[in-house]
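Shown next: my_file21.tsv, containing TSV, C-alpha atoms.
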```tsv
chain	number	residue	atom	x	y	z
Y	1	MET	CA	118.76	69.07	119.25
Y	2	ASN	CA	116.14	68.27	121.88
Y	3	VAL	CA	115.89	64.70	123.15
Y	4	ALA	CA	113.17	63.45	125.49
Y	5	VAL	CA	114.52	61.44	128.42
Y	6	ILE	CA	112.20	58.87	129.98
Y	7	ALA	CA	113.60	57.26	133.12
Y	8	GLY	CA	112.50	55.51	136.27
Y	9	THR	CA	112.71	58.32	138.84
Y	10	PRO	CA	113.52	62.04	138.87
Y	11	VAL	CA	117.12	61.22	139.83
Y	12	ASP	CA	118.07	59.02	136.88
Y	13	THR	CA	115.99	61.24	134.59
Y	14	ARG	CA	118.18	64.16	135.63
Y	15	MET	CA	121.30	62.05	135.12
Y	16	GLY	CA	120.21	61.33	131.54
Y	17	VAL	CA	119.44	64.99	130.87
Y	18	ASP	CA	122.79	66.04	132.34
Y	19	LEU	CA	124.63	63.54	130.13
Y	20	LEU	CA	122.93	64.91	127.02
Y	21	ASN	CA	123.74	68.46	128.10
Y	22	ARG	CA	127.43	67.56	128.46
Y	23	LYS	CA	127.33	66.31	124.88
Y	24	GLY	CA	125.89	69.59	123.63
Y	25	ALA	CA	122.27	68.48	123.27
Y	26	GLU	CA	119.16	69.60	125.10
Y	27	GLY	CA	117.30	67.06	127.21
Y	28	THR	CA	113.72	67.22	128.46
Y	29	GLY	CA	112.98	64.85	131.32
Y	30	PHE	CA	109.95	62.63	131.88
Y	31	PRO	CA	110.24	60.48	135.04
Y	32	VAL	CA	107.81	57.57	135.27
Y	33	SER	CA	107.83	57.10	139.05
Y	34	ARG	CA	108.69	59.03	142.21
Y	35	THR	CA	110.93	56.44	143.92
Y	36	PRO	CA	112.96	53.30	143.07
Y	37	GLU	CA	110.49	51.18	145.04
Y	38	GLU	CA	107.54	52.59	143.11
Y	39	GLN	CA	109.36	52.01	139.82
Y	40	THR	CA	110.15	48.37	140.67
Y	41	ALA	CA	106.49	47.73	141.58
Y	42	PHE	CA	105.46	49.39	138.32
Y	43	GLN	CA	107.78	47.14	136.31
Y	44	VAL	CA	106.51	43.88	137.78
Y	45	GLY	CA	102.84	44.91	137.67
Y	46	SER	CA	100.37	44.87	134.83
Y	47	THR	CA	101.80	44.99	131.32
Y	48	ALA	CA	98.76	46.95	130.15
Y	49	ALA	CA	99.29	49.52	132.91
Y	50	ARG	CA	102.98	49.94	131.98
Y	51	GLU	CA	102.19	50.39	128.31
Y	52	ALA	CA	99.38	52.85	129.05
Y	53	ALA	CA	101.55	54.97	131.36
Y	54	VAL	CA	104.49	55.10	128.95
Y	55	GLY	CA	102.09	55.73	126.06
Y	56	ILE	CA	100.75	58.84	127.81
Y	57	ILE	CA	104.31	60.14	128.20
Y	58	LEU	CA	105.09	59.43	124.55
Y	59	ASP	CA	101.96	61.31	123.50
Y	60	GLU	CA	103.12	64.32	125.52
Y	61	ILE	CA	106.58	64.11	123.94
Y	62	ARG	CA	105.05	64.08	120.47
Y	63	ALA	CA	102.77	67.00	121.36
Y	64	ARG	CA	105.86	69.01	122.33
Y	65	GLY	CA	107.36	68.41	118.90
Y	66	ILE	CA	110.22	66.20	120.12
Y	67	SER	CA	111.02	63.27	117.83
Y	68	ARG	CA	113.93	61.51	119.58
Y	69	VAL	CA	113.46	59.62	122.82
Y	70	LEU	CA	116.08	58.20	125.15
Y	71	LEU	CA	114.63	55.56	127.47
Y	72	TYR	CA	117.26	55.99	130.16
Y	73	CYS	CA	116.32	53.09	132.42
Y	74	ASN	CA	117.63	49.57	132.05
Y	75	SER	CA	114.96	47.71	133.96
Y	76	LEU	CA	112.07	49.64	132.38
Y	77	SER	CA	113.61	48.91	128.98
Y	78	ALA	CA	113.38	45.22	129.86
Y	79	ALA	CA	109.76	45.53	130.97
Y	80	ILE	CA	108.21	47.07	127.84
Y	81	ASP	CA	108.57	46.90	124.07
Y	82	ALA	CA	109.68	50.49	123.68
Y	83	ARG	CA	109.81	50.51	119.89
Y	84	ALA	CA	106.34	49.02	119.56
Y	85	LEU	CA	105.03	51.94	121.61
Y	86	ALA	CA	107.13	54.72	120.05
Y	87	GLU	CA	107.23	53.98	116.33
Y	88	PRO	CA	103.45	54.10	115.68
Y	89	ARG	CA	103.59	57.58	117.21
Y	90	GLY	CA	106.28	58.66	114.75
Y	91	LEU	CA	109.00	58.71	117.43
Y	92	ARG	CA	112.49	57.22	117.36
Y	93	ILE	CA	113.56	55.62	120.61
Y	94	TRP	CA	116.81	54.19	121.98
Y	95	THR	CA	117.32	52.13	125.14
Y	96	PRO	CA	120.32	50.67	126.98
Y	97	MET	CA	119.44	47.31	125.43
Y	98	ASP	CA	120.76	48.70	122.13
Y	99	VAL	CA	124.26	48.70	123.62
Y	100	TYR	CA	124.40	45.37	125.44
Y	101	GLY	CA	124.54	43.34	122.25
Y	102	GLU	CA	127.64	45.27	121.22
Y	103	ILE	CA	129.29	44.48	124.56
Y	104	ALA	CA	128.47	40.78	124.17
Y	105	TYR	CA	130.38	40.67	120.89
Y	106	ARG	CA	133.52	41.85	122.71
Y	107	TYR	CA	133.39	39.68	125.84
Y	108	ARG	CA	132.50	36.03	126.43
Y	109	ARG	CA	132.04	36.24	130.22
Y	110	VAL	CA	130.42	39.31	131.71
Y	111	GLY	CA	129.41	40.35	135.22
Y	112	VAL	CA	126.29	42.53	135.35
Y	113	LEU	CA	125.24	44.73	138.27
Y	114	ALA	CA	121.57	45.73	137.91
Y	115	ALA	CA	119.00	47.58	139.99
Y	116	ASN	CA	116.53	44.70	140.10
Y	117	CYS	CA	116.17	41.24	138.65
Y	118	GLN	CA	113.95	42.54	135.88
Y	119	GLY	CA	116.86	44.65	134.67
Y	120	ALA	CA	119.41	41.84	135.04
Y	121	ALA	CA	117.22	39.51	133.00
Y	122	GLY	CA	116.82	42.13	130.28
Y	123	VAL	CA	120.57	42.66	130.00
Y	124	GLU	CA	121.18	38.90	129.82
Y	125	ARG	CA	118.46	38.53	127.17
Y	126	ALA	CA	119.97	41.26	125.01
Y	127	MET	CA	123.50	39.88	125.34
Y	128	VAL	CA	122.69	36.24	124.69
Y	129	LYS	CA	120.43	37.14	121.77
Y	130	ALA	CA	123.37	38.97	120.18
Y	131	SER	CA	126.00	36.40	121.17
Y	132	PRO	CA	124.72	32.98	122.36
Y	133	GLU	CA	128.22	32.02	123.54
Y	134	THR	CA	128.36	34.84	126.11
Y	135	LEU	CA	127.91	33.86	129.76
Y	136	VAL	CA	126.30	36.48	132.00
Y	137	PHE	CA	126.82	36.50	135.79
Y	138	GLY	CA	124.13	38.80	137.17
Y	139	ALA	CA	123.38	40.51	140.47
Y	140	ALA	CA	120.68	43.01	141.45
Y	141	ASN	CA	120.71	45.48	144.34
Y	142	LEU	CA	117.92	47.99	144.77
Y	143	ALA	CA	119.57	49.19	148.00
Y	144	LEU	CA	122.39	50.58	145.87
Y	145	VAL	CA	119.87	52.57	143.85
Y	146	GLN	CA	118.37	53.91	147.05
Y	147	GLY	CA	121.83	54.96	148.21
Y	148	VAL	CA	122.52	56.77	144.96
Y	149	GLU	CA	119.20	58.60	145.23
Y	150	ALA	CA	120.15	59.63	148.77
Y	151	GLU	CA	123.53	60.88	147.45
Y	152	LEU	CA	125.53	58.78	149.90
Y	153	PRO	CA	129.29	58.80	149.16
Y	154	PRO	CA	130.23	56.20	146.50
Y	155	GLU	CA	132.91	54.61	148.67
Y	156	ILE	CA	130.41	54.10	151.49
Y	157	LEU	CA	127.88	52.59	149.10
Y	158	VAL	CA	130.40	50.12	147.69
Y	159	GLU	CA	131.28	49.04	151.23
Y	160	ASN	CA	127.74	48.90	152.61
Y	161	CYS	CA	126.32	47.03	149.62
Y	162	GLY	CA	129.04	44.38	149.59
Y	163	LEU	CA	130.16	45.24	146.09
Y	164	GLU	CA	133.79	44.34	146.66
Y	165	MET	CA	132.68	40.77	147.37
Y	166	LEU	CA	130.55	40.86	144.24
Y	167	LEU	CA	133.55	41.93	142.17
Y	168	HIS	CA	135.50	38.99	143.59
Y	169	PHE	CA	132.61	36.70	142.62
Y	170	PHE	CA	132.74	37.98	139.05
Y	171	GLU	CA	136.51	37.56	138.95
Y	172	ARG	CA	136.41	34.01	140.32
Y	173	ASN	CA	133.94	33.07	137.59
Y	174	GLY	CA	136.22	34.34	134.86
Y	175	ALA	CA	134.35	37.52	133.98
Y	176	GLU	CA	136.23	39.68	131.50
Y	177	ALA	CA	134.32	42.87	132.29
Y	178	VAL	CA	131.78	44.32	134.71
Y	179	VAL	CA	128.77	46.03	133.16
Y	180	LEU	CA	126.76	48.70	134.94
Y	181	GLY	CA	123.24	47.46	134.29
Y	182	CYS	CA	121.47	50.47	135.78
Y	183	THR	CA	121.66	54.11	134.75
Y	184	HIS	CA	122.06	55.09	138.43
Y	185	PHE	CA	125.32	53.21	138.72
Y	186	PRO	CA	127.83	55.46	136.95
Y	187	TYR	CA	127.67	57.24	140.32
Y	188	VAL	CA	129.82	54.44	141.81
Y	189	LYS	CA	131.88	53.55	138.74
Y	190	LYS	CA	135.16	55.06	139.96
Y	191	ALA	CA	134.78	53.44	143.37
Y	192	LEU	CA	134.19	50.07	141.72
Y	193	GLN	CA	137.10	50.45	139.33
Y	194	LYS	CA	139.48	51.01	142.24
Y	195	ARG	CA	138.64	47.54	143.50
Y	196	THR	CA	139.05	45.43	140.36
Y	197	ALA	CA	141.37	45.03	137.40
Y	198	LEU	CA	138.36	44.19	135.24
Y	199	PRO	CA	137.08	47.03	133.05
Y	200	VAL	CA	133.91	48.56	134.50
Y	201	LEU	CA	131.71	49.44	131.53
Y	202	ASP	CA	129.12	52.23	131.49
Y	203	PRO	CA	126.85	51.78	128.44
Y	204	ALA	CA	125.41	55.29	128.78
Y	205	GLU	CA	128.17	57.05	126.82
Y	206	ARG	CA	127.69	54.76	123.82
Y	207	LEU	CA	123.90	55.00	124.12
Y	208	VAL	CA	123.90	58.79	123.94
Y	209	LYS	CA	126.26	58.64	120.94
Y	210	LEU	CA	123.75	56.41	119.13
Y	211	VAL	CA	120.98	58.92	119.82
Y	212	LEU	CA	122.91	61.99	118.73
Y	213	ASP	CA	124.57	60.46	115.67
Y	214	ALA	CA	121.37	59.03	114.18
```
Starting from the coordinates I provided, produce the structure as structure tokens.
Amino acid sequence: MNVAVIAGTPVDTRMGVDLLNRKGAEGTGFPVSRTPEEQTAFQVGSTAAREAAVGIILDEIRARGISRVLLYCNSLSAAIDARALAEPRGLRIWTPMDVYGEIAYRYRRVGVLAANCQGAAGVERAMVKASPETLVFGAANLALVQGVEAELPPEILVENCGLEMLLHFFERNGAEAVVLGCTHFPYVKKALQKRTALPVLDPAERLVKLVLDA
């Protein structure tokens, strides 16, 4: 099975492809931007420009004969209506937002670590839509994304980005889990988990299962 992977930069695109490969599927990558900064500017810019750029990628995916698409970018998923773009082209598409509603059913207070505020807002929207009683405590840190792209050691990133203090903030507010709201962040999951008793949740595993089991 071949699955197209659309993501923000070449790094998280590769991470999505690698995850599919580990699950026995073939992934073909389509990065939207060259850098995290360029991707953030793209997401807060013109809606028409975003839709046109993603539409061009979807047309290429269809031309290659690929029918399943994994939009492996949280903040981009929050910035476009992926299904409205994919379905008229005869493509099936899944995004991280498909998983956040499931998480909201299981937890009533959730801490979310996102790449930018666009992504944090999208996660909160998906969770509260699924479960209005769920409280979301969100934080965004593009510097963490930059560190992941630079392949800095996870322990150093957690320290430099003040994530231990963020975990304490989540804990003090009664969070029951910490959600990785960016597909770059599994890179630091183990380092985060060492510093909190709260479960650190990576939606990517469940997302890929949805794609492959459909």
| query | Between Y:Ala214, Y:Leu144, Y:Val136, Y:Ala204, which one has atoms that come closest to Asn160 in chain Y, using all atoms listed in the file? | reply | Y:Leu144
| Which neighbours of Tyr187 in chain Y fall inside 8 Å, counting only C-alpha atoms, when residues of the same chain fewer than 3 positions from it are skipped, and could you give them as an MDAnalysis selection string? | chainID Y and resid 148 154 184 190
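One finds CA of Thr13 in chain Y at 24.0 Å from CA of Gly138 in chain Y.
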Range 55-58 of chain Y: which residues within 12 Å, counting all atoms listed in the file, same-chain residues fewer than 5 positions away excluded, as a JSON list (two decimals) with C-alpha atoms, in the frame of the given file?
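The resulting out.json:
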```
[["chain", "number", "residue", "atom", "x", "y", "z"],
["Y", 4, "ALA", "CA", 113.17, 63.45, 125.49],
["Y", 5, "VAL", "CA", 114.52, 61.44, 128.42],
["Y", 6, "ILE", "CA", 112.20, 58.87, 129.98],
["Y", 7, "ALA", "CA", 113.60, 57.26, 133.12],
["Y", 28, "THR", "CA", 113.72, 67.22, 128.46],
["Y", 29, "GLY", "CA", 112.98, 64.85, 131.32],
["Y", 30, "PHE", "CA", 109.95, 62.63, 131.88],
["Y", 31, "PRO", "CA", 110.24, 60.48, 135.04],
["Y", 32, "VAL", "CA", 107.81, 57.57, 135.27],
["Y", 33, "SER", "CA", 107.83, 57.10, 139.05],
["Y", 47, "THR", "CA", 101.80, 44.99, 131.32],
["Y", 48, "ALA", "CA", 98.76, 46.95, 130.15],
["Y", 49, "ALA", "CA", 99.29, 49.52, 132.91],
["Y", 50, "ARG", "CA", 102.98, 49.94, 131.98],
["Y", 63, "ALA", "CA", 102.77, 67.00, 121.36],
["Y", 64, "ARG", "CA", 105.86, 69.01, 122.33],
["Y", 65, "GLY", "CA", 107.36, 68.41, 118.90],
["Y", 66, "ILE", "CA", 110.22, 66.20, 120.12],
["Y", 67, "SER", "CA", 111.02, 63.27, 117.83],
["Y", 68, "ARG", "CA", 113.93, 61.51, 119.58],
["Y", 69, "VAL", "CA", 113.46, 59.62, 122.82],
["Y", 70, "LEU", "CA", 116.08, 58.20, 125.15],
["Y", 71, "LEU", "CA", 114.63, 55.56, 127.47],
["Y", 80, "ILE", "CA", 108.21, 47.07, 127.84],
["Y", 81, "ASP", "CA", 108.57, 46.90, 124.07],
["Y", 82, "ALA", "CA", 109.68, 50.49, 123.68],
["Y", 83, "ARG", "CA", 109.81, 50.51, 119.89],
["Y", 84, "ALA", "CA", 106.34, 49.02, 119.56],
["Y", 85, "LEU", "CA", 105.03, 51.94, 121.61],
["Y", 86, "ALA", "CA", 107.13, 54.72, 120.05],
["Y", 87, "GLU", "CA", 107.23, 53.98, 116.33],
["Y", 88, "PRO", "CA", 103.45, 54.10, 115.68],
["Y", 89, "ARG", "CA", 103.59, 57.58, 117.21],
["Y", 90, "GLY", "CA", 106.28, 58.66, 114.75],
["Y", 91, "LEU", "CA", 109.00, 58.71, 117.43],
["Y", 92, "ARG", "CA", 112.49, 57.22, 117.36],
["Y", 93, "ILE", "CA", 113.56, 55.62, 120.61]]
```
| message | So that I can see what lies close to Ala191 in chain Y, please list as an MDAnalysis selection string the residues with an atom at most 10 Å from it, counting all atoms listed in the file and leaving out residues fewer than 2 positions away in the same chain. | response | chainID Y and resid 153:159 163:164 186:189 193:196
| request: Name the residues in contact with range 111-122 of chain Y at a cut-off of 9 Å, using only C-alpha atoms, excluding same-chain residues fewer than 5 positions from it; report them as a PyMOL selection string. | output: chain Y and resi 36+40+43-44+73-79+97+127+135-145+166-167+169-171+173+175-185
Output file for the residues above (C-alpha atoms, as a PDB file, in the coordinates of the input):
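Final output, part-v2.pdb:
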```
ATOM      1  CA  PRO Y  36     112.960  53.300 143.070  1.00  0.00           C
ATOM      2  CA  THR Y  40     110.150  48.370 140.670  1.00  0.00           C
ATOM      3  CA  GLN Y  43     107.780  47.140 136.310  1.00  0.00           C
ATOM      4  CA  VAL Y  44     106.510  43.880 137.780  1.00  0.00           C
ATOM      5  CA  CYS Y  73     116.320  53.090 132.420  1.00  0.00           C
ATOM      6  CA  ASN Y  74     117.630  49.570 132.050  1.00  0.00           C
ATOM      7  CA  SER Y  75     114.960  47.710 133.960  1.00  0.00           C
ATOM      8  CA  LEU Y  76     112.070  49.640 132.380  1.00  0.00           C
ATOM      9  CA  SER Y  77     113.610  48.910 128.980  1.00  0.00           C
ATOM     10  CA  ALA Y  78     113.380  45.220 129.860  1.00  0.00           C
ATOM     11  CA  ALA Y  79     109.760  45.530 130.970  1.00  0.00           C
ATOM     12  CA  MET Y  97     119.440  47.310 125.430  1.00  0.00           C
ATOM     13  CA  MET Y 127     123.500  39.880 125.340  1.00  0.00           C
ATOM     14  CA  LEU Y 135     127.910  33.860 129.760  1.00  0.00           C
ATOM     15  CA  VAL Y 136     126.300  36.480 132.000  1.00  0.00           C
ATOM     16  CA  PHE Y 137     126.820  36.500 135.790  1.00  0.00           C
ATOM     17  CA  GLY Y 138     124.130  38.800 137.170  1.00  0.00           C
ATOM     18  CA  ALA Y 139     123.380  40.510 140.470  1.00  0.00           C
ATOM     19  CA  ALA Y 140     120.680  43.010 141.450  1.00  0.00           C
ATOM     20  CA  ASN Y 141     120.710  45.480 144.340  1.00  0.00           C
ATOM     21  CA  LEU Y 142     117.920  47.990 144.770  1.00  0.00           C
ATOM     22  CA  ALA Y 143     119.570  49.190 148.000  1.00  0.00           C
ATOM     23  CA  LEU Y 144     122.390  50.580 145.870  1.00  0.00           C
ATOM     24  CA  VAL Y 145     119.870  52.570 143.850  1.00  0.00           C
ATOM     25  CA  LEU Y 166     130.550  40.860 144.240  1.00  0.00           C
ATOM     26  CA  LEU Y 167     133.550  41.930 142.170  1.00  0.00           C
ATOM     27  CA  PHE Y 169     132.610  36.700 142.620  1.00  0.00           C
ATOM     28  CA  PHE Y 170     132.740  37.980 139.050  1.00  0.00           C
ATOM     29  CA  GLU Y 171     136.510  37.560 138.950  1.00  0.00           C
ATOM     30  CA  ASN Y 173     133.940  33.070 137.590  1.00  0.00           C
ATOM     31  CA  ALA Y 175     134.350  37.520 133.980  1.00  0.00           C
ATOM     32  CA  GLU Y 176     136.230  39.680 131.500  1.00  0.00           C
ATOM     33  CA  ALA Y 177     134.320  42.870 132.290  1.00  0.00           C
ATOM     34  CA  VAL Y 178     131.780  44.320 134.710  1.00  0.00           C
ATOM     35  CA  VAL Y 179     128.770  46.030 133.160  1.00  0.00           C
ATOM     36  CA  LEU Y 180     126.760  48.700 134.940  1.00  0.00           C
ATOM     37  CA  GLY Y 181     123.240  47.460 134.290  1.00  0.00           C
ATOM     38  CA  CYS Y 182     121.470  50.470 135.780  1.00  0.00           C
ATOM     39  CA  THR Y 183     121.660  54.110 134.750  1.00  0.00           C
ATOM     40  CA  HIS Y 184     122.060  55.090 138.430  1.00  0.00           C
ATOM     41  CA  PHE Y 185     125.320  53.210 138.720  1.00  0.00           C
TER      42      PHE Y 185
END
```
| message | Please report the interatomic distance between CA of Val123 in chain Y and CA of Arg108 in chain Y in Å with one decimal. | response |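 Taking CA of Val123 in chain Y as the start and CA of Arg108 in chain Y as the end point, the length is 14.1 Å.
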| request: Give me, please, the distance in Å between CA of Ser46 in chain Y and CA of Asp59 in chain Y, quoted to one decimal. | output: 20.0 Å
| message | Residues within 6 Å of range 19-25 of chain Y, please, as a list in words. Count only C-alpha atoms; anything in the same chain fewer than 2 positions from it doesn't count. | response |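 So the residues in contact are Met1, Gly16 and Val17 of chain Y.
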| field | Nearest residue to Glu38 in chain Y from the set Y:Val99, Y:Gly8, Y:Glu26, Y:Pro203 (distances using only C-alpha atoms) | value |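 Among the listed residues, Y:Gly8 lies closest to Glu38 in chain Y.
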Box for range 162-178 of chain Y - axis-aligned, 6 Å on each of the six sides, all listed atoms - centre and size in Å to one decimal, as AutoDock Vina command-line options.
```
--center_x 132.8 --center_y 39.2 --center_z 140.5 --size_x 19.5 --size_y 24.2 --size_z 30.1
```
| said: Under the rule that only C-alpha atoms are counted, which of Y:Leu210, Y:Met165, Y:Leu192, Y:Leu201 is the nearest residue to Arg106 in chain Y? | reply: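 Looking at the shortest contact to Arg106 in chain Y, the residue is Y:Leu201.
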With N, CA, C and O atoms as the goal, would you fill in the gaps in range 71-90 of chain Y and present it as a CSV table (one decimal), in the coordinates of the input?
```csv
chain,number,residue,atom,x,y,z
Y,71,LEU,N,115.2,56.3,126.3
Y,71,LEU,CA,114.6,55.6,127.5
Y,71,LEU,C,115.8,55.2,128.4
Y,71,LEU,O,116.5,54.2,128.2
Y,72,TYR,N,116.0,56.1,129.4
Y,72,TYR,CA,117.3,56.0,130.2
Y,72,TYR,C,117.0,55.2,131.4
Y,72,TYR,O,117.1,55.7,132.5
Y,73,CYS,N,116.6,54.0,131.3
Y,73,CYS,CA,116.3,53.1,132.4
Y,73,CYS,C,116.4,51.7,131.9
Y,73,CYS,O,115.6,51.2,131.1
Y,74,ASN,N,117.4,50.9,132.5
Y,74,ASN,CA,117.6,49.6,132.0
Y,74,ASN,C,116.5,48.7,132.3
Y,74,ASN,O,116.0,47.9,131.5
Y,75,SER,N,116.0,48.7,133.6
Y,75,SER,CA,115.0,47.7,134.0
Y,75,SER,C,113.6,48.0,133.3
Y,75,SER,O,112.9,47.1,132.9
Y,76,LEU,N,113.3,49.3,133.1
Y,76,LEU,CA,112.1,49.6,132.4
Y,76,LEU,C,112.2,49.2,130.9
Y,76,LEU,O,111.2,48.8,130.3
Y,77,SER,N,113.4,49.3,130.4
Y,77,SER,CA,113.6,48.9,129.0
Y,77,SER,C,113.3,47.4,128.8
Y,77,SER,O,112.9,47.0,127.8
Y,78,ALA,N,113.6,46.7,129.9
Y,78,ALA,CA,113.4,45.2,129.9
Y,78,ALA,C,111.9,44.9,130.1
Y,78,ALA,O,111.5,43.7,129.8
Y,79,ALA,N,111.1,45.8,130.6
Y,79,ALA,CA,109.8,45.5,131.0
Y,79,ALA,C,108.7,45.9,129.9
Y,79,ALA,O,107.5,45.6,130.1
Y,80,ILE,N,109.1,46.7,128.9
Y,80,ILE,CA,108.2,47.1,127.8
Y,80,ILE,C,108.9,46.9,126.5
Y,80,ILE,O,110.1,46.8,126.4
Y,81,ASP,N,108.1,46.9,125.4
Y,81,ASP,CA,108.6,46.9,124.1
Y,81,ASP,C,108.5,48.4,123.6
Y,81,ASP,O,107.5,48.9,123.1
Y,82,ALA,N,109.6,49.0,123.9
Y,82,ALA,CA,109.7,50.5,123.7
Y,82,ALA,C,109.4,50.9,122.2
Y,82,ALA,O,108.7,51.8,122.0
Y,83,ARG,N,110.0,50.2,121.3
Y,83,ARG,CA,109.8,50.5,119.9
Y,83,ARG,C,108.4,50.3,119.4
Y,83,ARG,O,107.8,51.1,118.6
Y,84,ALA,N,107.7,49.3,119.9
Y,84,ALA,CA,106.3,49.0,119.6
Y,84,ALA,C,105.4,50.1,120.0
Y,84,ALA,O,104.4,50.4,119.4
Y,85,LEU,N,105.8,50.8,121.1
Y,85,LEU,CA,105.0,51.9,121.6
Y,85,LEU,C,105.4,53.2,120.9
Y,85,LEU,O,104.5,54.1,120.6
Y,86,ALA,N,106.7,53.4,120.6
Y,86,ALA,CA,107.1,54.7,120.0
Y,86,ALA,C,106.9,54.9,118.5
Y,86,ALA,O,106.5,55.9,118.1
Y,87,GLU,N,107.2,53.8,117.8
Y,87,GLU,CA,107.2,54.0,116.3
Y,87,GLU,C,105.9,54.3,115.7
Y,87,GLU,O,105.8,55.1,114.8
Y,88,PRO,N,104.8,53.7,116.2
Y,88,PRO,CA,103.4,54.1,115.7
Y,88,PRO,C,103.1,55.6,115.9
Y,88,PRO,O,102.2,56.1,115.3
Y,89,ARG,N,103.8,56.2,116.9
Y,89,ARG,CA,103.6,57.6,117.2
Y,89,ARG,C,104.5,58.5,116.4
Y,89,ARG,O,104.6,59.7,116.7
Y,90,GLY,N,105.3,57.9,115.5
Y,90,GLY,CA,106.3,58.7,114.8
Y,90,GLY,C,107.5,59.1,115.5
Y,90,GLY,O,108.2,60.0,115.1
```
